[in-house]
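One structure is given here, and the rest of the page talks about it.
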Amino acid sequence: MLQNWINIFIYQLKHNKLFTALNILGLSIGIAGLIFATLYWNDEYSYDKWNPEKDKTFIVMNDLGEGNIWATNSAKTAPYLKSSTSYLENYCYFYNYYSRETIQFNGKTELLDKIFSAQKSFFSFFPFEFKYGNAKTALQEPQSIVFSEKTAFRLFKNENPIGRQVKYADKMYVVRGVYKIPGKSVVMPSAVTNSIEEDLEARKDRWSYSFGLLLKLKQSSDASLVTKSLDEFFIEDNYKRQARREGMTLEAFIKAYGGPTKAQLLPFENSRLYNGTYVFPEGSGNLQFLRILMGLSIVILLLSIVNYVNLATANAIKRAKEVGVRKIVGATKVHIVLQFVFETALTMLFALLLALVIVEVSLPFYNQFLNKELVLAGSQFYLQLIAIFILVVIVGGVFPAVYISNFEVLNVLKGNFSQSKNGLWLRNSMLVLQFSIAVFFIIGSIVVYQQVQFMVDKDLGFNGSQLMNISFREQKDKEQFERYESIKQELKKIQGVEAVSAGAFSIANDQFSRGGLHYKNNQEVIIQQLGSDFGMLEMLGVKLLKGRFLSDKLVSDTISNVLLNEVAAKTMNEKNPIDKIIDWQGEKYKVVGIVKNFHYSGLDTEIAPMIFFHINAQKWTQRNIESITVKVSPKNMDKTIALLKNFWVKNVDAEYPFEYSFVDKNFARTYKKYEDQRNLFALLNVVVILIAVFGLFALASFSMERRLKEIAIRKTLGAETNTLLKELSKQYVIFCIIGFFIGIVPAYFLLQKWLKNFPFRIDITLLPFFLAFVSLLFLTLTIVLLKAYQVTKVDVLKYLKYE
């Protein structure tokens, strides 16, 4: 029986080569898309699955109000929790960023990009496999460092480096271990140090939100109780103390300064796909993009299956007599269903193999697009592949098989089945569905393109095209600001340098701090603190709306005068904020200027309230000068950069490489992910249209070839070609219009939801819908009329000679 089914399948392949090829190609593209999405999905959800501590581990988040939720904490929090409650098993403070620094050993210097600093308990939260040393004691001693296996090989080759001394950040560190990371993790450093301990000790008696904090609970169910304890501690140790210092009751203090910070515990296993501020240095995954990609891939596969079902039911007309004869000789419905499901399985198998070839060939480009290293391997992936195959066979094969098995024997053997309406409604409905899906993708592609183009073209409020940010690392026993001042004078002498300044921030790098601003009886405002040298705002081309910029001619401008942006000034509720006194960082400052709003972190975030001040106005900003900004002339820019590099290596830092970036290019990276979404939508749009074209061409061919005798008769009776073309194509135009009106509804609502991610966004106009309708109608008429014209050229005698 199986051999017979295979023979019949091969026979059908030979007699329907074109339609079989279109079917397999359409299905393979749909399956390939789902495989791509599945690989990406698996990778994002694989982070820290190997970690046995993940279920009881939480990250402490703090809600500072107005949607500002940060993974930053005070050094006082965890010790209090450990000593006053019984919920906590362990805790670990860490910096939620990697340091980029040189490591020197035995005259050799290596630049490492991913140096992580955490407390000695780090390896109990991230139990990496140790090749040398002991995870429990690796970070116990001060100034200890532990290397990844790859980094250790770069420095020490195959030697055991335990006990060796290396120079890091102008200090000597002792190597205590070498580790290997078992799998993907939210922390994958090239080296781990315990240098954070010094900072924690210095801040142990004051509230300063500077550190990430991991908690390991004895029972994961105690998370709500821990959150409650953290909130109570904040009120007791922070708010009540400040209220007493101000001579106010707690209620009056809250009324004046706003509600207290609220703690939140984020489960560690969800941290990779947390939709908010980044928690760990590897960054967060783009959950929305992941869901969009998976959803669109499923829709495309559905479109491919619809194509297959449509063509299978249409092709059933040709096989009606075969089914009738099989029933006469004793075949049951079950046998017929199994036969056609078997044929579907073989077709799907060919499509799956072709899909794997497509994925394997395209995977390097896909990895480059996602910045990943995905591979076609893994037991989980193979199980998913089998599940996809079975699901596609069931969805695409069972219904056509049941439909075919229900043919009436007498009707098909009399030869009048072709006049039956059975199955026609199904094919028409599926054709309408295809048009709806195509409309959705065309509209989506246009709207996403418009939004991304809007972001690219929008006035950012600053001009960074000629501004270079040069990395400026701190050196031991040297004041950073004093070094900068002397370097600044030398840089100005270099040909092509137009201006020099520096700041304790870097546009588009999320490098800034936040603090509380208070004015009169208004509630406290969380404000972005941007300290810089004189001339920074002028270099950026930020516009002044009121007052003046800070000037080196006034001593007060380095001590007590500040500028605000429009958003910050609005919170003061003053008609003219100039010369008004504000309370910031517990001290009084005078507002001397208001600058126009400009985008700092990207167009997918609101413009925050900002305060601008001179670096010397706050001690912490002097230490945080991590880059020097140089404005270079557009003429002979390459020569100017070469001169800057030469000066830097000789006079500033010979050990650290000369690194720079242009401000405008840094900002462009903030919407790269949306450019990727635009390109993805455009690619999927092409795929969808291609699949829809395959299906429409094949279905139109089947439909029109069944009407060849009718066309021959009508031509004999004098019907003109134009009349025949109109008659043959009008039903497809109607289906196209119906599909358009069905498709615009989900397109509008889903795209509106997507656009809500952007504080600065376009409005959806009628243009995308008009373009979608025109392009789809054009494609439909082109395909159908070409096929219809071919059909109208039939040889009349060939189809009428037996009548």
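Within each chain, counting starts at residue 1; across the structure tokens, chains are named A, B, ... in the order shown, with ligands numbered 1 upward in that order.
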
Close residues, A:Ile305 itself excluded, 10 Å, only C-alpha atoms, min 4 positions apart in chain, as a count of residues only:
17

If we count only C-alpha atoms and set the cut-off at 9 Å, which residues sit around A:Gln380, ignoring sequence neighbours fewer than 4 positions away in its own chain? Please answer as a PyMOL selection string.
chain A and resi 42+384-385

Could you save the residues just selected, with C-alpha atoms, as a CSV table (one decimal), in the first residue's frame?
```
chain,number,residue,atom,x,y,z
A,42,ASN,CA,15.7,30.1,21.9
A,384,GLN,CA,10.9,22.2,17.8
A,385,LEU,CA,11.7,21.3,14.2
```

Please return as a ChimeraX atom specification: the residues of stretch 328-540 of chain A that backbone DSSP assigns to strand (DSSP E).
/A:467-471,497-502,513-518,525-532

Shell around A:Ile628 at 8 Å using only C-alpha atoms, local window under 2 positions removed, as a PyMOL selection string
chain A and resi 468-472+484+500-503+625-626+630

Atom CA of A:Phe598 to atom CA of A:Leu517, straight-line distance in Å:
19.5 Å

One decimal, in Å: what's the spacing between atom CA of A:Leu643 and atom CA of A:Gln489?
14.9 Å

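Each of A:Phe462, A:Phe505, A:Phe369, A:Phe147 was checked against A:His599 using only C-alpha atoms; the smallest atom-to-atom distance is that of A:Phe462.
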
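Across the structure, atom CA of A:Ser185 and atom CA of A:Tyr98 are spaced 14.1 Å apart.
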
Neighbouring residues of A:Leu34 were defined as those with any atom within 9 Å, considering only C-alpha atoms; residues of the same chain fewer than 3 positions away were excluded. Please report them as a list of chain:residue names.
A:Ile29, A:Gly30, A:Ile31, A:Ala37, A:Thr38, A:Leu39, A:Leu293, A:Met294, A:Leu296, A:Ser297, A:Ile298, A:Ile300, A:Leu301, A:Ile388

Output N, CA, C and O atoms of each residue in that selection to a file, as a CSV table (one decimal), in the first residue's frame.
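Okay, result.csv is ready:
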```csv
chain,number,residue,atom,x,y,z
A,29,ILE,N,9.7,28.8,2.3
A,29,ILE,CA,10.0,30.2,2.8
A,29,ILE,C,9.3,30.4,4.1
A,29,ILE,O,9.8,31.0,5.0
A,30,GLY,N,8.0,30.0,4.2
A,30,GLY,CA,7.3,30.1,5.5
A,30,GLY,C,7.9,29.4,6.6
A,30,GLY,O,8.0,29.9,7.7
A,31,ILE,N,8.3,28.1,6.4
A,31,ILE,CA,9.0,27.4,7.4
A,31,ILE,C,10.3,28.0,7.8
A,31,ILE,O,10.7,28.0,9.0
A,37,ALA,N,12.9,32.7,13.4
A,37,ALA,CA,12.3,33.3,14.6
A,37,ALA,C,12.6,32.4,15.8
A,37,ALA,O,12.8,32.8,16.9
A,38,THR,N,12.5,31.1,15.6
A,38,THR,CA,12.6,30.1,16.7
A,38,THR,C,14.1,30.1,17.2
A,38,THR,O,14.3,30.1,18.4
A,39,LEU,N,15.0,30.2,16.3
A,39,LEU,CA,16.4,30.3,16.7
A,39,LEU,C,16.7,31.5,17.6
A,39,LEU,O,17.4,31.5,18.6
A,293,LEU,N,8.8,39.5,15.6
A,293,LEU,CA,9.4,38.6,14.7
A,293,LEU,C,8.7,37.3,14.7
A,293,LEU,O,8.4,36.7,13.7
A,294,MET,N,8.4,36.7,15.9
A,294,MET,CA,7.8,35.4,16.1
A,294,MET,C,6.3,35.5,15.5
A,294,MET,O,5.9,34.6,14.7
A,296,LEU,N,5.0,37.6,13.2
A,296,LEU,CA,5.0,37.8,11.8
A,296,LEU,C,5.5,36.5,11.1
A,296,LEU,O,5.0,36.2,10.0
A,297,SER,N,6.4,35.8,11.7
A,297,SER,CA,6.8,34.5,11.1
A,297,SER,C,5.7,33.5,11.1
A,297,SER,O,5.5,32.7,10.1
A,298,ILE,N,4.9,33.4,12.2
A,298,ILE,CA,3.8,32.5,12.2
A,298,ILE,C,2.7,32.9,11.2
A,298,ILE,O,2.1,32.1,10.5
A,300,ILE,N,3.3,34.4,8.3
A,300,ILE,CA,3.8,34.1,7.0
A,300,ILE,C,3.7,32.6,6.7
A,300,ILE,O,3.3,32.1,5.6
A,301,LEU,N,4.0,31.8,7.8
A,301,LEU,CA,3.8,30.3,7.6
A,301,LEU,C,2.3,30.0,7.4
A,301,LEU,O,2.0,29.1,6.6
A,388,ILE,N,7.2,21.6,14.5
A,388,ILE,CA,6.8,22.4,13.4
A,388,ILE,C,6.3,21.6,12.2
A,388,ILE,O,5.3,21.8,11.6
```

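Neighbours of A:Tyr97 closer than or equal to 12 Å, with only C-alpha atoms counted and sequence neighbours fewer than 3 positions away skipped, come out as A:Ala71, A:Thr72, A:Phe94, A:Arg100, A:Asp113, A:Lys114, A:Ile115, A:Phe116, A:Ser117, A:Ala118, A:Val186, A:Val187, A:Met188, A:Pro189, A:Val192, A:Ile196, A:Ser210, A:Phe211, A:Gly212, A:Tyr278, A:Val279, A:Phe280, A:Pro281, A:Glu282, A:Gly283, A:Asn509, A:Asp510, A:Gln511.
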
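Near A:Leu467, within 6 Å and counting only C-alpha atoms, sit A:Val630, A:Lys631, A:Phe662, A:Val663; same-chain residues fewer than 6 positions away were not included.
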
Which residues of stretch 471-526 of chain A have any atom within 6 Å of an atom in stretch 255-272 of chain A when counting only C-alpha atoms, and what is the closest pair of atoms for each, with the distance in Å to one decimal? Order the rows by chain and rising number and write it as a Markdown table.
```
| residue | atom | partner | partner_atom | distance |
| --- | --- | --- | --- | --- |
| A:Asn521 | CA | A:Ala256 | CA | 6.0 |
| A:Gln523 | CA | A:Tyr257 | CA | 4.7 |
| A:Glu524 | CA | A:Tyr257 | CA | 4.6 |
```

Per DSSP on the backbone, what are the helix (DSSP H, G or I) residues of stretch 247-317 of chain A, as JSON, numbers by chain?
{"A": [250, 251, 252, 253, 254, 255, 256, 257, 268, 269, 270, 287, 288, 289, 290, 291, 292, 293, 294, 295, 296, 297, 298, 299, 300, 301, 302, 303, 304, 305, 306, 307, 308, 309, 310, 311, 312, 313, 314, 315]}

Test item: residues at most 12 Å from stretch 225-231 of chain A, only C-alpha atoms, excluding those fewer than 4 positions along its chain, as a PDB file with N, CA and C atoms, in the first residue's frame:
```
ATOM      1  N   PHE A  58      16.920  37.568  42.989  1.00  0.00           N
ATOM      2  CA  PHE A  58      16.148  38.730  42.574  1.00  0.00           C
ATOM      3  C   PHE A  58      17.070  39.944  42.440  1.00  0.00           C
ATOM      4  N   ILE A  59      16.685  40.867  41.559  1.00  0.00           N
ATOM      5  CA  ILE A  59      17.396  42.130  41.418  1.00  0.00           C
ATOM      6  C   ILE A  59      16.550  43.208  42.077  1.00  0.00           C
ATOM      7  N   VAL A  60      17.174  44.029  42.912  1.00  0.00           N
ATOM      8  CA  VAL A  60      16.445  45.108  43.582  1.00  0.00           C
ATOM      9  C   VAL A  60      16.357  46.302  42.633  1.00  0.00           C
ATOM     10  N   MET A  61      15.115  46.690  42.326  1.00  0.00           N
ATOM     11  CA  MET A  61      14.847  47.861  41.494  1.00  0.00           C
ATOM     12  C   MET A  61      14.235  48.940  42.378  1.00  0.00           C
ATOM     13  N   ASN A  62      14.413  50.191  41.982  1.00  0.00           N
ATOM     14  CA  ASN A  62      13.855  51.292  42.762  1.00  0.00           C
ATOM     15  C   ASN A  62      13.059  52.224  41.862  1.00  0.00           C
ATOM     16  N   ASP A  63      11.804  52.420  42.236  1.00  0.00           N
ATOM     17  CA  ASP A  63      10.914  53.311  41.506  1.00  0.00           C
ATOM     18  C   ASP A  63      11.066  54.708  42.086  1.00  0.00           C
ATOM     19  N   ASN A  73      21.080  51.115  43.691  1.00  0.00           N
ATOM     20  CA  ASN A  73      20.753  50.943  45.097  1.00  0.00           C
ATOM     21  C   ASN A  73      21.774  51.619  45.996  1.00  0.00           C
ATOM     22  N   SER A  74      21.352  51.811  47.235  1.00  0.00           N
ATOM     23  CA  SER A  74      22.226  52.373  48.263  1.00  0.00           C
ATOM     24  C   SER A  74      23.084  51.267  48.881  1.00  0.00           C
ATOM     25  N   LYS A  76      23.622  50.988  51.883  1.00  0.00           N
ATOM     26  CA  LYS A  76      23.088  50.698  53.211  1.00  0.00           C
ATOM     27  C   LYS A  76      22.018  49.607  53.181  1.00  0.00           C
ATOM     28  N   THR A  77      21.426  49.375  52.010  1.00  0.00           N
ATOM     29  CA  THR A  77      20.220  48.550  51.923  1.00  0.00           C
ATOM     30  C   THR A  77      20.436  47.100  52.337  1.00  0.00           C
ATOM     31  N   ALA A  78      21.344  46.408  51.654  1.00  0.00           N
ATOM     32  CA  ALA A  78      21.519  44.973  51.871  1.00  0.00           C
ATOM     33  C   ALA A  78      22.022  44.621  53.278  1.00  0.00           C
ATOM     34  N   PRO A  79      23.020  45.344  53.825  1.00  0.00           N
ATOM     35  CA  PRO A  79      23.444  45.021  55.199  1.00  0.00           C
ATOM     36  C   PRO A  79      22.301  45.123  56.207  1.00  0.00           C
ATOM     37  N   TYR A  80      21.444  46.143  56.045  1.00  0.00           N
ATOM     38  CA  TYR A  80      20.285  46.262  56.943  1.00  0.00           C
ATOM     39  C   TYR A  80      19.371  45.043  56.798  1.00  0.00           C
ATOM     40  N   LEU A  81      19.106  44.671  55.562  1.00  0.00           N
ATOM     41  CA  LEU A  81      18.190  43.551  55.308  1.00  0.00           C
ATOM     42  C   LEU A  81      18.749  42.254  55.886  1.00  0.00           C
ATOM     43  N   LYS A  82      20.051  42.068  55.772  1.00  0.00           N
ATOM     44  CA  LYS A  82      20.699  40.851  56.268  1.00  0.00           C
ATOM     45  C   LYS A  82      20.636  40.766  57.792  1.00  0.00           C
ATOM     46  N   SER A  83      20.801  41.913  58.457  1.00  0.00           N
ATOM     47  CA  SER A  83      20.878  41.905  59.917  1.00  0.00           C
ATOM     48  C   SER A  83      19.508  41.947  60.601  1.00  0.00           C
ATOM     49  N   SER A  84      18.498  42.477  59.894  1.00  0.00           N
ATOM     50  CA  SER A  84      17.211  42.706  60.557  1.00  0.00           C
ATOM     51  C   SER A  84      16.110  41.743  60.138  1.00  0.00           C
ATOM     52  N   THR A  85      16.336  40.927  59.118  1.00  0.00           N
ATOM     53  CA  THR A  85      15.306  39.973  58.683  1.00  0.00           C
ATOM     54  C   THR A  85      15.917  38.579  58.548  1.00  0.00           C
ATOM     55  N   SER A  86      15.055  37.605  58.393  1.00  0.00           N
ATOM     56  CA  SER A  86      15.514  36.218  58.235  1.00  0.00           C
ATOM     57  C   SER A  86      15.273  35.692  56.823  1.00  0.00           C
ATOM     58  N   TYR A  87      14.924  36.607  55.906  1.00  0.00           N
ATOM     59  CA  TYR A  87      14.571  36.181  54.547  1.00  0.00           C
ATOM     60  C   TYR A  87      15.792  35.966  53.656  1.00  0.00           C
ATOM     61  N   LEU A  88      16.883  36.636  54.004  1.00  0.00           N
ATOM     62  CA  LEU A  88      18.006  36.739  53.066  1.00  0.00           C
ATOM     63  C   LEU A  88      19.054  35.658  53.302  1.00  0.00           C
ATOM     64  N   GLU A  89      19.440  34.984  52.216  1.00  0.00           N
ATOM     65  CA  GLU A  89      20.515  34.001  52.280  1.00  0.00           C
ATOM     66  C   GLU A  89      21.854  34.644  51.949  1.00  0.00           C
ATOM     67  N   LEU A 215      19.871  39.827  45.333  1.00  0.00           N
ATOM     68  CA  LEU A 215      19.504  39.173  46.582  1.00  0.00           C
ATOM     69  C   LEU A 215      19.190  37.712  46.311  1.00  0.00           C
ATOM     70  N   LYS A 216      19.691  36.836  47.190  1.00  0.00           N
ATOM     71  CA  LYS A 216      19.327  35.433  47.134  1.00  0.00           C
ATOM     72  C   LYS A 216      18.479  35.146  48.375  1.00  0.00           C
ATOM     73  N   LEU A 217      17.203  34.813  48.153  1.00  0.00           N
ATOM     74  CA  LEU A 217      16.287  34.595  49.261  1.00  0.00           C
ATOM     75  C   LEU A 217      16.275  33.120  49.659  1.00  0.00           C
ATOM     76  N   LYS A 218      15.967  32.882  50.914  1.00  0.00           N
ATOM     77  CA  LYS A 218      15.832  31.497  51.373  1.00  0.00           C
ATOM     78  C   LYS A 218      14.613  30.843  50.739  1.00  0.00           C
ATOM     79  N   GLN A 219      13.542  31.647  50.577  1.00  0.00           N
ATOM     80  CA  GLN A 219      12.322  31.182  49.915  1.00  0.00           C
ATOM     81  C   GLN A 219      11.899  32.244  48.899  1.00  0.00           C
ATOM     82  N   SER A 220      11.704  31.846  47.654  1.00  0.00           N
ATOM     83  CA  SER A 220      11.317  32.825  46.637  1.00  0.00           C
ATOM     84  C   SER A 220       9.966  33.463  46.944  1.00  0.00           C
ATOM     85  N   SER A 221       9.142  32.770  47.727  1.00  0.00           N
ATOM     86  CA  SER A 221       7.821  33.295  48.083  1.00  0.00           C
ATOM     87  C   SER A 221       7.902  34.472  49.051  1.00  0.00           C
ATOM     88  N   ILE A 235      11.983  54.669  54.477  1.00  0.00           N
ATOM     89  CA  ILE A 235      11.257  55.725  55.193  1.00  0.00           C
ATOM     90  C   ILE A 235      11.944  56.031  56.527  1.00  0.00           C
ATOM     91  N   GLU A 236      12.310  54.981  57.277  1.00  0.00           N
ATOM     92  CA  GLU A 236      12.905  55.172  58.595  1.00  0.00           C
ATOM     93  C   GLU A 236      14.274  55.836  58.514  1.00  0.00           C
ATOM     94  N   ASP A 237      15.137  55.348  57.629  1.00  0.00           N
ATOM     95  CA  ASP A 237      16.529  55.781  57.611  1.00  0.00           C
ATOM     96  C   ASP A 237      16.784  56.980  56.701  1.00  0.00           C
ATOM     97  N   ASN A 238      15.853  57.236  55.782  1.00  0.00           N
ATOM     98  CA  ASN A 238      16.069  58.314  54.824  1.00  0.00           C
ATOM     99  C   ASN A 238      15.053  59.444  55.002  1.00  0.00           C
ATOM    100  N   TYR A 239      13.789  59.139  54.765  1.00  0.00           N
ATOM    101  CA  TYR A 239      12.776  60.199  54.760  1.00  0.00           C
ATOM    102  C   TYR A 239      12.572  60.812  56.149  1.00  0.00           C
ATOM    103  N   GLY A 259       6.432  61.483  47.208  1.00  0.00           N
ATOM    104  CA  GLY A 259       6.433  60.194  47.889  1.00  0.00           C
ATOM    105  C   GLY A 259       7.799  59.549  47.915  1.00  0.00           C
ATOM    106  N   PRO A 260       8.011  58.622  48.842  1.00  0.00           N
ATOM    107  CA  PRO A 260       9.314  57.949  48.964  1.00  0.00           C
ATOM    108  C   PRO A 260       9.554  56.963  47.823  1.00  0.00           C
ATOM    109  N   THR A 261      10.804  56.622  47.636  1.00  0.00           N
ATOM    110  CA  THR A 261      11.182  55.596  46.661  1.00  0.00           C
ATOM    111  C   THR A 261      10.554  54.257  47.044  1.00  0.00           C
ATOM    112  N   LYS A 262      10.040  53.550  46.041  1.00  0.00           N
ATOM    113  CA  LYS A 262       9.435  52.241  46.269  1.00  0.00           C
ATOM    114  C   LYS A 262      10.325  51.155  45.671  1.00  0.00           C
ATOM    115  N   ALA A 263      10.581  50.134  46.446  1.00  0.00           N
ATOM    116  CA  ALA A 263      11.417  49.023  45.965  1.00  0.00           C
ATOM    117  C   ALA A 263      10.586  48.024  45.167  1.00  0.00           C
ATOM    118  N   GLN A 264      11.221  47.384  44.214  1.00  0.00           N
ATOM    119  CA  GLN A 264      10.618  46.295  43.444  1.00  0.00           C
ATOM    120  C   GLN A 264      11.658  45.188  43.311  1.00  0.00           C
ATOM    121  N   LEU A 265      11.201  43.945  43.335  1.00  0.00           N
ATOM    122  CA  LEU A 265      12.112  42.817  43.129  1.00  0.00           C
ATOM    123  C   LEU A 265      11.835  42.192  41.772  1.00  0.00           C
ATOM    124  N   LEU A 266      12.832  42.241  40.914  1.00  0.00           N
ATOM    125  CA  LEU A 266      12.721  41.646  39.581  1.00  0.00           C
ATOM    126  C   LEU A 266      13.322  40.251  39.616  1.00  0.00           C
TER     127      LEU A 266
END
```

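Closest approach to A:Tyr732 among A:Gln752, A:Leu684, A:Leu431, A:Asp664: A:Leu431, based on only C-alpha atoms.
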
From the list A:Gln165, A:Ser99, A:Asn194, A:Gln495, which residue is nearest A:Ser633 when using only C-alpha atoms?
A:Gln495
